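Q: Next comes run.txt, compact mmCIF, C-alpha atoms:
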```txt
# COMPACT_ATOMS: atom_id res chain seq x y z
CA MET A 35 -24.03 -3.83 1.76
CA SER A 36 -23.47 -6.46 4.40
CA ALA A 37 -25.34 -6.26 7.70
CA TYR A 38 -21.91 -6.46 9.31
CA GLU A 39 -20.74 -3.15 7.84
CA GLN A 40 -22.29 -0.78 10.35
CA PRO A 41 -21.48 -2.62 13.60
CA LEU A 42 -17.93 -3.52 12.50
CA HIS A 43 -17.25 0.02 11.30
CA ASP A 44 -18.44 1.38 14.60
CA LEU A 45 -16.23 -1.00 16.59
CA MET A 46 -13.16 -0.36 14.44
CA VAL A 47 -13.49 3.42 14.60
CA ARG A 48 -13.82 3.29 18.38
CA GLY A 49 -10.85 0.93 18.48
CA LEU A 50 -8.71 3.33 16.46
CA ARG A 51 -9.60 6.06 18.97
CA GLY A 52 -8.10 3.92 21.70
CA GLU A 53 -11.11 2.03 23.06
CA ASP A 54 -9.51 -1.35 23.62
CA ALA A 55 -12.79 -3.06 24.59
CA ALA A 56 -14.42 -2.10 21.28
CA TYR A 57 -11.31 -3.18 19.39
CA ARG A 58 -11.32 -6.49 21.21
CA GLN A 59 -14.94 -7.05 20.23
CA PHE A 60 -14.06 -6.13 16.63
CA LEU A 61 -11.29 -8.74 16.45
CA ASP A 62 -13.50 -11.27 18.20
CA SER A 63 -16.31 -10.84 15.65
CA LEU A 64 -13.81 -11.21 12.87
CA SER A 65 -12.31 -14.41 14.23
CA GLY A 66 -15.65 -16.24 13.86
CA LEU A 67 -16.12 -14.94 10.33
CA PHE A 68 -12.55 -15.80 9.34
CA ARG A 69 -12.90 -19.29 10.76
CA ALA A 70 -16.01 -20.08 8.71
CA PHE A 71 -14.48 -18.47 5.61
CA PHE A 72 -11.14 -20.29 5.73
CA ARG A 73 -12.74 -23.63 6.57
CA ARG A 74 -15.01 -23.28 3.58
CA LYS A 75 -12.16 -22.22 1.30
CA LEU A 76 -9.83 -24.96 2.51
CA ARG A 77 -12.81 -27.33 2.33
CA SER A 78 -12.24 -28.14 5.99
CA ARG A 79 -9.30 -30.33 5.04
CA ASP A 80 -7.52 -29.31 8.11
CA LEU A 81 -9.23 -27.40 10.90
CA ALA A 82 -5.97 -26.63 12.67
CA GLN A 83 -4.56 -25.12 9.50
CA ALA A 84 -7.65 -22.97 9.07
CA GLU A 85 -7.17 -21.81 12.66
CA ASP A 86 -3.57 -20.85 11.82
CA LEU A 87 -4.91 -18.72 8.99
CA VAL A 88 -7.44 -17.13 11.33
CA GLN A 89 -4.64 -16.12 13.71
CA GLU A 90 -2.36 -14.98 10.95
CA THR A 91 -5.10 -12.83 9.47
CA LEU A 92 -5.98 -11.32 12.83
CA LEU A 93 -2.33 -10.40 13.25
CA ALA A 94 -2.31 -8.86 9.78
CA ILE A 95 -5.47 -6.87 10.54
CA HIS A 96 -3.86 -5.57 13.70
CA LEU A 97 -0.54 -4.71 12.05
CA HIS A 98 -2.23 -2.78 9.25
CA ARG A 99 -5.01 -1.07 11.13
CA HIS A 100 -3.28 2.31 10.72
CA SER A 101 -3.99 2.07 6.99
CA TYR A 102 -7.75 1.80 7.51
CA ASP A 103 -9.56 4.97 6.50
CA PRO A 104 -12.91 5.32 8.31
CA GLY A 105 -14.38 6.83 5.13
CA ARG A 106 -14.17 3.48 3.38
CA PRO A 107 -16.16 0.28 3.96
CA ILE A 108 -14.64 -1.86 6.69
CA THR A 109 -16.04 -5.12 5.30
CA ALA A 110 -14.18 -4.64 2.00
CA TRP A 111 -10.97 -3.72 3.84
CA VAL A 112 -11.17 -6.82 6.00
CA TYR A 113 -12.03 -9.03 3.04
CA ALA A 114 -9.04 -7.72 1.09
CA ILE A 115 -6.69 -8.79 3.90
CA ALA A 116 -8.36 -12.18 4.42
CA ARG A 117 -8.24 -12.82 0.68
CA TYR A 118 -4.58 -11.84 0.52
CA LYS A 119 -3.73 -14.24 3.35
CA LEU A 120 -5.75 -17.04 1.76
CA ILE A 121 -4.04 -16.64 -1.61
CA ASP A 122 -0.67 -16.47 0.10
CA HIS A 123 -1.48 -19.73 1.84
CA LEU A 124 -2.76 -21.43 -1.32
CA ARG A 125 0.32 -20.38 -3.22
CA ARG A 126 2.48 -22.28 -0.78
CA ALA A 127 0.29 -25.37 -0.93
CA PRO A 128 1.30 -27.15 -4.13
CA GLY A 129 -1.41 -28.20 -6.54
CA SER A 130 -4.10 -25.85 -5.35
CA ARG A 131 -5.32 -23.46 -7.99
CA GLU A 132 -8.36 -21.96 -6.39
CA VAL A 133 -9.52 -18.62 -7.74
CA VAL A 134 -10.47 -16.16 -5.03
CA PRO A 135 -12.53 -13.32 -6.49
CA VAL A 136 -11.43 -9.79 -5.68
CA ASP A 137 -14.90 -8.47 -5.05
CA ASP A 138 -16.69 -11.32 -3.36
CA VAL A 139 -16.87 -9.56 0.00
CA ASP A 140 -20.05 -11.37 0.98
CA ALA A 141 -18.18 -14.67 0.98
CA LEU A 142 -16.57 -13.55 4.21
CA PHE A 143 -19.70 -12.15 5.80
CA SER A 144 -22.12 -15.00 5.35
CA GLU A 145 -21.28 -17.43 8.08
CA ASP A 146 -19.86 -17.37 11.57
CA ALA A 147 -18.02 -20.20 13.30
CA ARG A 148 -17.46 -19.83 17.03
CA ASP A 149 -16.07 -23.33 17.62
CA ALA A 150 -12.38 -22.49 17.81
CA VAL A 151 -9.98 -25.40 17.58
CA ASP A 152 -6.33 -25.43 18.52
CA PRO A 153 -4.12 -23.97 15.81
CA ALA A 154 -1.46 -26.11 14.18
CA HIS A 155 1.27 -23.71 15.23
CA ASP A 156 1.25 -22.13 18.64
CA VAL A 157 1.77 -18.38 18.44
CA GLY A 158 2.68 -18.38 22.13
CA ALA A 159 5.43 -20.92 21.56
CA LEU A 160 6.68 -19.00 18.51
CA LEU A 161 7.23 -16.06 20.85
CA GLU A 162 10.31 -17.91 22.10
CA HIS A 163 12.03 -17.41 18.76
CA LEU A 164 11.82 -13.64 18.85
CA PRO A 165 14.76 -11.44 19.87
CA ALA A 166 14.76 -10.89 23.62
CA LYS A 167 13.57 -7.30 23.57
CA GLN A 168 10.60 -8.02 21.30
CA LYS A 169 9.71 -11.10 23.30
CA THR A 170 9.81 -9.27 26.63
CA ALA A 171 7.86 -6.28 25.32
CA ILE A 172 5.09 -8.51 23.94
CA ARG A 173 5.00 -10.64 27.05
CA LEU A 174 4.76 -7.70 29.45
CA VAL A 175 2.20 -5.64 27.54
CA LYS A 176 0.23 -8.20 25.63
CA LEU A 177 0.19 -11.16 28.00
CA GLU A 178 0.71 -9.65 31.43
CA GLU A 179 -1.42 -6.68 32.18
CA LEU A 180 1.18 -3.94 32.03
CA THR A 181 0.83 -0.69 30.11
CA ALA A 182 3.52 0.27 27.63
CA ARG A 183 4.78 2.88 30.13
CA GLU A 184 5.13 0.33 32.94
CA ALA A 185 6.85 -2.11 30.63
CA ALA A 186 9.22 0.65 29.53
CA GLN A 187 10.17 1.34 33.12
CA ARG A 188 10.69 -2.31 33.91
CA MET A 189 12.77 -2.90 30.77
CA GLY A 190 14.72 0.31 31.17
CA ILE A 191 13.93 1.53 27.65
CA SER A 192 11.67 4.26 26.31
CA GLU A 193 7.93 3.83 25.84
CA ALA A 194 8.30 4.38 22.10
CA ASP A 195 10.91 1.64 22.02
CA VAL A 196 8.47 -0.74 23.73
CA LYS A 197 5.79 0.03 21.16
CA ILE A 198 8.18 -0.42 18.26
CA SER A 199 9.43 -3.70 19.71
CA ILE A 200 5.87 -4.97 20.02
CA HIS A 201 5.09 -3.96 16.47
CA ARG A 202 8.22 -5.62 15.08
CA GLY A 203 7.69 -8.68 17.23
CA LEU A 204 4.11 -9.13 16.02
CA LYS A 205 5.33 -8.73 12.46
CA ASN A 206 7.89 -11.47 12.99
CA LEU A 207 5.23 -13.65 14.59
CA MET A 208 3.00 -13.20 11.57
CA ALA A 209 5.87 -14.30 9.34
CA PHE A 210 6.57 -17.35 11.54
CA VAL A 211 2.93 -18.44 11.52
CA ALA A 212 2.79 -17.94 7.76
CA LYS A 213 5.88 -20.06 7.20
CA GLY A 214 4.29 -22.73 9.33
CA ASP A 215 7.48 -23.70 11.07
CA THR A 216 9.96 -22.29 13.49
CA PRO A 217 12.69 -20.05 12.08
CA MET B 247 -2.08 -19.89 22.14
CA LYS B 248 -5.79 -20.12 21.42
CA THR B 249 -7.39 -17.61 19.10
CA ASP B 250 -9.37 -15.80 21.79
CA GLU B 251 -6.17 -15.40 23.80
CA LEU B 252 -4.53 -13.90 20.74
CA VAL B 253 -7.46 -11.51 20.34
CA ASP B 254 -7.09 -10.49 23.99
CA ALA B 255 -3.37 -9.98 23.56
CA LEU B 256 -3.72 -7.88 20.41
CA ALA B 257 -6.41 -5.65 21.90
CA ARG B 258 -4.63 -5.13 25.23
CA ASP B 259 -3.18 -1.63 25.38
CA ALA B 260 -3.56 -1.34 21.62
CA GLY B 261 -3.65 2.43 21.94
CA VAL B 262 -4.74 5.27 19.71
CA VAL B 263 -3.95 5.20 15.99
CA PRO B 264 -3.21 8.61 14.44
CA ARG B 265 -5.40 9.52 11.50
CA ARG B 266 -4.49 9.83 7.82
CA ILE B 267 -1.19 7.96 8.13
CA VAL B 268 -1.35 6.69 4.55
CA GLU B 269 -1.80 10.17 3.09
CA ARG B 270 0.92 11.69 5.26
CA ARG B 271 3.45 8.96 4.57
CA ILE B 272 2.91 9.12 0.82
CA ALA B 273 3.03 12.92 0.72
CA LEU B 274 6.27 12.96 2.72
CA ALA B 275 7.86 10.33 0.47
CA ALA B 276 6.76 12.15 -2.67
CA ALA B 277 8.27 15.40 -1.41
CA ALA B 278 11.57 13.75 -0.44
CA GLY B 279 11.75 11.84 -3.72
CA LEU B 280 10.99 14.98 -5.69
CA ALA B 281 13.81 16.87 -3.97
CA ALA B 282 16.26 14.05 -4.73
CA SER B 283 15.03 13.94 -8.31
CA LEU B 284 15.62 17.69 -8.75
CA VAL B 285 19.22 17.30 -7.56
CA LEU B 286 19.66 14.32 -9.87
CA MET B 287 18.37 16.35 -12.82
CA ALA B 288 20.81 19.18 -12.14
CA LEU B 289 23.73 16.74 -11.76
CA LEU B 290 23.01 14.37 -14.65
CA PHE B 291 21.41 16.54 -17.28
CA GLY B 292 21.91 20.14 -16.13
CA VAL B 293 19.31 22.88 -16.10
CA ARG B 294 18.69 24.13 -19.66
CA ALA B 295 20.90 27.06 -20.60
CA ASP B 296 18.04 29.32 -21.68
CA PHE B 297 16.04 28.64 -18.51
CA GLY B 298 15.41 32.35 -17.89
CA ALA B 299 14.00 32.94 -21.34
CA ALA B 300 11.93 29.77 -21.34
CA VAL B 301 10.35 30.14 -17.91
CA VAL B 302 6.78 30.15 -19.22
CA ALA B 303 7.27 26.96 -21.21
CA VAL B 304 8.99 25.31 -18.25
CA LEU B 305 6.12 26.26 -15.97
CA LEU B 306 3.56 24.85 -18.41
CA LYS B 307 5.45 21.55 -18.41
CA VAL B 308 5.60 21.62 -14.62
CA VAL B 309 1.82 22.07 -14.61
CA PHE B 310 1.53 19.02 -16.83
CA GLY B 311 3.54 17.00 -14.31
CA ILE B 312 1.45 18.26 -11.42
CA ALA B 313 -1.78 17.43 -13.28
CA ALA B 314 -0.54 13.92 -14.03
CA ALA B 315 0.50 13.42 -10.41
CA ALA B 316 -2.88 14.69 -9.22
CA GLY B 317 -4.50 12.16 -11.56
CA ALA B 318 -2.37 9.30 -10.24
CA ALA B 319 -2.78 10.23 -6.57
CA PRO B 320 -6.25 8.71 -5.98
CA LEU B 321 -5.08 5.44 -7.54
CA LEU B 322 -1.97 5.29 -5.40
CA LEU B 323 -3.79 6.24 -2.19
CA GLU B 324 -6.27 3.46 -2.85
CA LEU B 325 -3.90 0.73 -3.94
CA ALA B 326 -1.36 1.42 -1.21
CA ARG B 327 -3.66 -0.18 1.36
CA PRO B 328 -5.83 -3.27 1.53
CA ASN B 329 -7.76 -2.54 -1.60
CA THR B 330 -11.40 -1.69 -1.34
CA ARG B 331 -12.49 0.09 -4.50
CA ALA B 332 -10.05 0.32 -7.37
CA ARG B 333 -12.24 1.10 -10.32
CA HIS B 334 -13.53 4.64 -9.97
CA VAL B 335 -10.20 5.92 -8.60
CA ALA B 336 -8.85 5.44 -12.13
CA VAL B 337 -11.32 8.01 -13.47
CA PRO B 338 -9.12 11.14 -13.00
CA LEU B 339 -6.24 9.49 -14.83
CA ILE B 340 -8.50 8.33 -17.65
CA LEU B 341 -10.02 11.82 -18.01
CA LEU B 342 -6.54 13.31 -18.02
CA SER B 343 -5.45 10.91 -20.76
CA ILE B 344 -8.45 11.86 -22.86
CA VAL B 345 -7.74 15.58 -22.41
CA SER B 346 -4.10 14.91 -23.26
CA ILE B 347 -4.99 13.11 -26.47
CA GLY B 348 -7.40 15.92 -27.34
CA ILE B 349 -4.69 18.55 -26.87
CA ALA B 350 -2.29 16.46 -28.96
CA LEU B 351 -4.82 16.30 -31.81
CA VAL B 352 -5.44 20.04 -31.72
CA ALA B 353 -1.71 20.73 -31.61
CA PHE B 354 -1.22 18.37 -34.53
CA LEU B 355 -3.86 20.19 -36.58
CA VAL B 356 -2.62 23.71 -35.87
CA THR B 357 1.02 22.83 -36.56
CA PRO B 358 1.95 23.43 -40.24
CA ALA B 359 2.44 20.11 -42.00
CA ASP B 360 6.12 20.62 -42.78
CA ALA B 361 6.92 21.50 -39.15
CA ARG B 362 5.03 18.58 -37.62
CA MET B 363 7.81 16.00 -37.50
CA MET B 364 10.23 18.45 -35.95
CA SER B 365 7.64 19.60 -33.44
CA TRP B 366 6.65 16.04 -32.62
CA LEU B 367 10.03 14.32 -32.39
CA GLY B 368 12.46 17.17 -31.89
CA GLY B 369 14.73 15.76 -34.57
CA SER B 370 15.64 12.48 -32.86
CA VAL B 371 14.36 9.88 -30.42
CA PRO B 372 12.58 11.83 -27.66
CA GLU B 373 15.04 11.92 -24.78
CA CYS B 374 12.30 12.22 -22.20
CA LEU B 375 11.60 8.54 -22.82
CA TYR B 376 14.64 7.62 -20.77
CA ARG B 377 15.27 10.80 -18.80
CA ILE B 378 11.87 10.80 -17.09
CA PRO B 379 12.25 7.16 -15.92
CA VAL B 380 15.76 7.92 -14.62
CA LEU B 381 14.47 10.91 -12.68
CA ALA B 382 11.53 8.82 -11.46
CA ALA B 383 13.80 6.26 -9.79
CA PRO B 384 14.48 8.15 -6.52
CA ILE B 385 10.80 9.08 -6.23
CA ALA B 386 9.75 5.48 -6.77
CA ALA B 387 12.26 4.29 -4.17
CA ALA B 388 10.89 6.73 -1.57
CA LEU B 389 7.31 5.74 -2.39
CA VAL B 390 8.11 2.04 -2.04
CA LEU B 391 9.48 2.68 1.44
CA ALA B 392 6.33 4.61 2.34
CA VAL B 393 3.90 2.09 0.92
CA ARG B 394 5.55 -0.99 2.42
CA GLY B 395 3.82 -1.77 5.67
CA LEU B 396 0.52 -0.25 4.60
CA GLY B 397 -0.78 -3.66 3.55
CA ALA B 398 -1.28 -3.33 -0.20
CA THR B 399 -3.16 -6.39 -1.42
CA ARG B 400 -3.12 -5.90 -5.21
CA LEU B 401 0.61 -5.76 -5.59
CA ARG B 402 0.98 -5.42 -9.34
CA LEU B 403 -1.56 -2.62 -9.51
CA ALA B 404 0.03 -0.92 -6.52
CA GLY B 405 3.42 -1.19 -8.25
CA ALA B 406 1.96 0.33 -11.40
CA ALA B 407 0.43 3.16 -9.37
CA ILE B 408 3.79 3.90 -7.74
CA GLY B 409 5.42 3.86 -11.17
CA ALA B 410 2.80 6.19 -12.65
CA MET B 411 3.06 8.55 -9.70
CA SER B 412 6.86 8.69 -9.77
CA GLY B 413 6.88 9.17 -13.55
CA SER B 414 4.36 12.02 -13.26
CA LEU B 415 6.32 13.72 -10.51
CA ALA B 416 9.58 13.20 -12.41
CA ALA B 417 8.12 15.31 -15.23
CA ILE B 418 8.44 18.29 -12.85
CA PRO B 419 12.25 18.24 -12.48
CA TYR B 420 12.58 17.05 -16.07
CA ALA B 421 10.84 20.23 -17.24
CA GLY B 422 13.92 22.10 -16.01
CA CYS B 423 16.19 20.38 -18.54
CA CYS B 424 13.79 19.49 -21.37
CA PRO B 425 14.69 21.55 -24.46
CA MET B 426 11.47 20.75 -26.32
CA ASP B 427 8.71 23.28 -25.75
CA SER B 428 6.23 22.22 -28.40
CA VAL B 429 2.85 21.20 -27.01
CA LEU B 430 2.72 18.30 -29.43
CA TYR B 431 5.96 16.91 -28.00
CA VAL B 432 4.96 17.26 -24.37
CA VAL B 433 1.47 15.78 -24.58
CA SER B 434 2.59 12.86 -26.71
CA TRP B 435 5.91 11.80 -25.16
CA TYR B 436 5.55 12.69 -21.49
CA PRO B 437 2.55 10.34 -21.14
CA VAL B 438 4.46 7.57 -22.93
CA ALA B 439 7.33 7.98 -20.47
CA ILE B 440 4.90 7.92 -17.53
CA LEU B 441 3.20 4.81 -18.91
CA PHE B 442 6.58 3.16 -19.24
CA CYS B 443 7.27 3.94 -15.57
CA ALA B 444 3.90 2.40 -14.66
CA GLY B 445 4.76 -0.75 -16.59
CA VAL B 446 8.16 -1.09 -14.96
CA GLY B 447 6.47 -0.48 -11.61
CA ALA B 448 3.97 -3.27 -12.19
CA LEU B 449 6.77 -5.70 -13.05
CA LEU B 450 9.44 -4.76 -10.52
CA ILE B 451 7.87 -2.86 -7.66
CA GLY B 452 4.90 -5.20 -7.17
CA ARG B 453 7.28 -7.88 -5.98
CA ALA B 454 8.98 -5.56 -3.50
CA LEU B 455 5.66 -4.87 -1.83
CA ARG B 456 4.98 -8.47 -0.75
CA TRP B 457 4.30 -8.99 2.92
```
Kindly present the structure from the file in structure tokens form.
A:
Amino acid sequence: MSAYEQPLHDLMVRGLRGEDAAYRQFLDSLSGLFRAFFRRKLRSRDLAQAEDLVQETLLAIHLHRHSYDPGRPITAWVYAIARYKLIDHLRRAPGSREVVPVDDVDALFSEDARDAVDPAHDVGALLEHLPAKQKTAIRLVKLEELTAREAAQRMGISEADVKISIHRGLKNLMAFVAKGDTP
Amino acid sequence: MKTDELVDALARDAGVVPRRIVERRIALAAAAGLAASLVLMALLFGVRADFGAAVVAVLLKVVFGIAAAAGAAPLLLELARPNTRARHVAVPLILLSIVSIGIALVAFLVTPADARMMSWLGGSVPECLYRIPVLAAPIAAALVLAVRGLGATRLRLAGAAIGAMSGSLAAIPYAGCCPMDSVLYVVSWYPVAILFCAGVGALLIGRALRW
């Protein structure tokens, strides 16, 4: 089992309980691992494209974190998502026929790359293409330091509505980044 | 937006995630689908006329459906999410298939030779082969809705698991209209119908689960 299993599991479980700092650290650790993994798999053809995949995969991790069961290995769960995103990307790139093994979890947990580059597609700019409510909810809660409750008051909608808007907005963002162009 | 800014944004006010969402969503969908399937059975095929007299046989067939669903459940719960360990979750279903084949063999041996064909086929093409898939449709639809958004990564297998689960559950309402009570019939044709559902699921549902 990877040396990453225990620390990542710990961070994720604390994150699911609502500890944002632990969750932040979890995502941050993953971004370095994803970067090294995608660069290797794309053979560093395009660093910006690899960075897009890093962001897209982080979004996917976040959007599916409710399906993580703490009784199962976190490294395998993370690898499954990264692999899915990689295959999805390769499928769109014509001519590439790389085989990505289902079980090769260690491929993701062998190398760390902290030298972030700018992504090819700016998630922040893509925000502009979201419906107004989703855009505002994400901006207030995710970019300005408001809580969902404060954002709800400012927007004049319910707190649940804010959370749903954020979730839908992030989903749309993930789709935009994946498509690689604006809608 | 740089990646560390994205990480900050995602983690900010991320909140608490309730536990066991996958299990609860799937259980809810299965229950809703099963209810719809029961209604569909009553409307399309009608409860068998001798239901009162055949209650024991009906219950035994219901038990078969429940056992099959219990066997398919670990597979579905695993494949509905980013897949981590798919192999050993197939064990219950494999064991169940072996038991099923064993029962079929015993039933075959204890049935008098001249009654075997009747007991096995019921005189024509087994109608459960199309009735179970029809009754499985609403269950499968509900399960697809539940499983979408959970992040399945092995789509074909997940589709097959949804198919197998809905076919197994559909055996429960189907028991209410199935006129064949012979053990040989049930343990040979019900599994074929469930397998068919799994195959259709792999082909059709897998695609619907893309994200």
Q: Rounded to one decimal in Å, what is the spacing between CA of Ser346 in chain B and CA of Ile418 in chain B?
A: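 Computed distance, CA of Ser346 in chain B to CA of Ile418 in chain B, equals 16.6 Å.
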Q: So that I can see what lies close to Arg402 in chain B, please list as a PDB file with C-alpha atoms, in the frame of the given file the residues with an atom at most 10 Å from it, counting only C-alpha atoms and leaving out residues fewer than 6 positions away in the same chain.
A:
```pdb
ATOM      1  CA  LEU B 325      -3.900   0.730  -3.940  1.00  0.00           C
ATOM      2  CA  ILE B 408       3.790   3.900  -7.740  1.00  0.00           C
ATOM      3  CA  ALA B 444       3.900   2.400 -14.660  1.00  0.00           C
ATOM      4  CA  GLY B 445       4.760  -0.750 -16.590  1.00  0.00           C
ATOM      5  CA  GLY B 447       6.470  -0.480 -11.610  1.00  0.00           C
ATOM      6  CA  ALA B 448       3.970  -3.270 -12.190  1.00  0.00           C
ATOM      7  CA  LEU B 449       6.770  -5.700 -13.050  1.00  0.00           C
ATOM      8  CA  LEU B 450       9.440  -4.760 -10.520  1.00  0.00           C
ATOM      9  CA  ILE B 451       7.870  -2.860  -7.660  1.00  0.00           C
ATOM     10  CA  GLY B 452       4.900  -5.200  -7.170  1.00  0.00           C
ATOM     11  CA  ARG B 453       7.280  -7.880  -5.980  1.00  0.00           C
ATOM     12  CA  ALA B 454       8.980  -5.560  -3.500  1.00  0.00           C
ATOM     13  CA  LEU B 455       5.660  -4.870  -1.830  1.00  0.00           C
ATOM     14  CA  ARG B 456       4.980  -8.470  -0.750  1.00  0.00           C
TER      15      ARG B 456
END
```
Q: With 6 Å as the cut-off and only C-alpha atoms counted, what is the closest atom pair between each nearby residue of chain A and chain B? Distances in Å to one decimal, ordered by chain and number, as a tab-separated table.
A:
```
residue	atom	partner	partner_atom	distance
A:Leu50	CA	B:Val263	CA	5.1
A:Arg51	CA	B:Val262	CA	5.0
A:Gly52	CA	B:Val262	CA	4.1
A:Asp54	CA	B:Ala257	CA	5.6
A:Arg58	CA	B:Ala257	CA	5.0
A:His98	CA	B:Gly397	CA	5.9
A:Ser101	CA	B:Leu396	CA	5.6
A:Ala110	CA	B:Thr330	CA	5.3
A:Trp111	CA	B:Thr330	CA	5.6
A:Ala114	CA	B:Pro328	CA	5.5
A:Tyr118	CA	B:Thr399	CA	6.0
A:Asp156	CA	B:Met247	CA	5.3
A:Val157	CA	B:Met247	CA	5.5
A:Gly158	CA	B:Met247	CA	5.0
A:Lys176	CA	B:Ala255	CA	4.5
A:Leu177	CA	B:Ala255	CA	5.8
```
Q: Please measure the separation of CA of Arg173 in chain A and CA of Gln83 in chain A, giving the value in Å to one decimal.
A: 24.7 Å
Q: I'd like the contact shell of Asp149 in chain A - 10 Å cut-off, all atoms listed in the file, skipping same-chain residues fewer than 5 positions apart - returned as a PDB file with C-alpha atoms, keeping the file's coordinate frame.
A:
```pdb
ATOM      1  CA  GLY A  66     -15.650 -16.240  13.860  1.00  0.00           C
ATOM      2  CA  ARG A  69     -12.900 -19.290  10.760  1.00  0.00           C
ATOM      3  CA  ALA A  70     -16.010 -20.080   8.710  1.00  0.00           C
TER       4      ALA A  70
END
```
Q: Which residue is closest to Ser144 in chain A? Choose from A:Ile200, A:Ala182, A:Leu64, A:Ile95 and count all atoms listed in the file.
A: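 Closest to Ser144 in chain A of all the choices is A:Leu64.
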Q: Do a neighbour search on range 287-299 of chain B at 8 Å with only C-alpha atoms, toss out local chain neighbours closer than 2 positions, and write the hits as a list in words.
A: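 Counting only the stated atoms, we get Ser283, Leu284, Val285, Val301, Val304, Leu381, Pro419, Tyr420, Gly422, Cys423, Cys424 and Pro425 of chain B.
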Q: Next, dump the selected residues to file, keeping only C-alpha atoms, as a compact mmCIF listing (two decimals), keeping the file's coordinate frame.
A:
```txt
# COMPACT_ATOMS: atom_id res chain seq x y z
CA SER B 283 15.03 13.94 -8.31
CA LEU B 284 15.62 17.69 -8.75
CA VAL B 285 19.22 17.30 -7.56
CA VAL B 301 10.35 30.14 -17.91
CA VAL B 304 8.99 25.31 -18.25
CA LEU B 381 14.47 10.91 -12.68
CA PRO B 419 12.25 18.24 -12.48
CA TYR B 420 12.58 17.05 -16.07
CA GLY B 422 13.92 22.10 -16.01
CA CYS B 423 16.19 20.38 -18.54
CA CYS B 424 13.79 19.49 -21.37
CA PRO B 425 14.69 21.55 -24.46
```
Q: Rounded to one decimal place, report the CA of Glu184 in chain A-CA of Ala209 in chain A distance in Å.
A: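 CA of Ala209 in chain A lies at a distance of 27.8 Å from CA of Glu184 in chain A.
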Q: So, counting only C-alpha atoms, which residue among A:Leu92, A:Leu160, A:Ala141, A:Leu97 is closest to Lys213 in chain A?
A: A:Leu160
Q: Would you pick out the contacts of Ala277 in chain B at 10 Å or less, using all atoms listed in the file, so that residues sharing its chain but fewer than 6 positions from it are not included, and give the list as number ranges by chain?
A: B: 283, 385, 388-389, 415
Q: Using only C-alpha atoms, which of A:Val133, A:Leu81, A:Ile108, A:Ala154 sits nearest Leu45 in chain A?
A: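 Residue with the minimum atom-to-atom distance to Leu45 in chain A: A:Ile108.
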Q: With all atoms listed in the file as the basis for distance, which of B:Ala319, B:Ala421, B:Val337, B:Ala350 is at the shortest distance from Ser365 in chain B?
A: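 For Ser365 in chain B, the nearest of the candidates is B:Ala350.
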Q: Hey, what's within 6 Å of Ile378 in chain B if we count all atoms listed in the file and toss same-chain stuff fewer than 4 positions away? As a list in words, please?
A: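 Listing them by chain and then by number gives Cys374, Ala382 and Ala416 of chain B.
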Q: Grab the residues selected above and save them as a tab-separated table (two decimals), in the coordinates of the input with C-alpha atoms.
A:
```
chain	number	residue	atom	x	y	z
B	374	CYS	CA	12.30	12.22	-22.20
B	382	ALA	CA	11.53	8.82	-11.46
B	416	ALA	CA	9.58	13.20	-12.41
```
Q: Find the residue from B:Arg270, B:Met426, B:Gly348, B:Ala404 that sits nearest to His100 in chain A; use only C-alpha atoms when measuring.
A: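 Using only C-alpha atoms, the shortest distance to His100 in chain A belongs to B:Arg270.
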Q: Would you mind writing range 77-86 of chain A with N, CA and C atoms, as a tab-separated table (two decimals), keeping the file's coordinate frame?
A:
```tsv
chain	number	residue	atom	x	y	z
A	77	ARG	N	-11.91	-26.17	2.32
A	77	ARG	CA	-12.81	-27.33	2.33
A	77	ARG	C	-12.59	-28.17	3.57
A	78	SER	N	-12.37	-27.50	4.68
A	78	SER	CA	-12.24	-28.14	5.99
A	78	SER	C	-11.24	-29.29	6.01
A	79	ARG	N	-10.29	-29.25	5.06
A	79	ARG	CA	-9.30	-30.33	5.04
A	79	ARG	C	-8.61	-30.44	6.39
A	80	ASP	N	-8.34	-29.31	6.92
A	80	ASP	CA	-7.52	-29.31	8.11
A	80	ASP	C	-7.94	-28.14	8.99
A	81	LEU	N	-8.70	-28.46	10.04
A	81	LEU	CA	-9.23	-27.40	10.90
A	81	LEU	C	-8.12	-26.61	11.58
A	82	ALA	N	-7.05	-27.31	11.97
A	82	ALA	CA	-5.97	-26.63	12.67
A	82	ALA	C	-5.29	-25.64	11.73
A	83	GLN	N	-5.19	-26.02	10.46
A	83	GLN	CA	-4.56	-25.12	9.50
A	83	GLN	C	-5.43	-23.88	9.27
A	84	ALA	N	-6.74	-24.11	9.21
A	84	ALA	CA	-7.65	-22.97	9.07
A	84	ALA	C	-7.51	-22.04	10.28
A	85	GLU	N	-7.32	-22.63	11.45
A	85	GLU	CA	-7.17	-21.81	12.66
A	85	GLU	C	-5.87	-20.99	12.59
A	86	ASP	N	-4.82	-21.60	12.03
A	86	ASP	CA	-3.57	-20.85	11.82
A	86	ASP	C	-3.83	-19.61	10.96
```
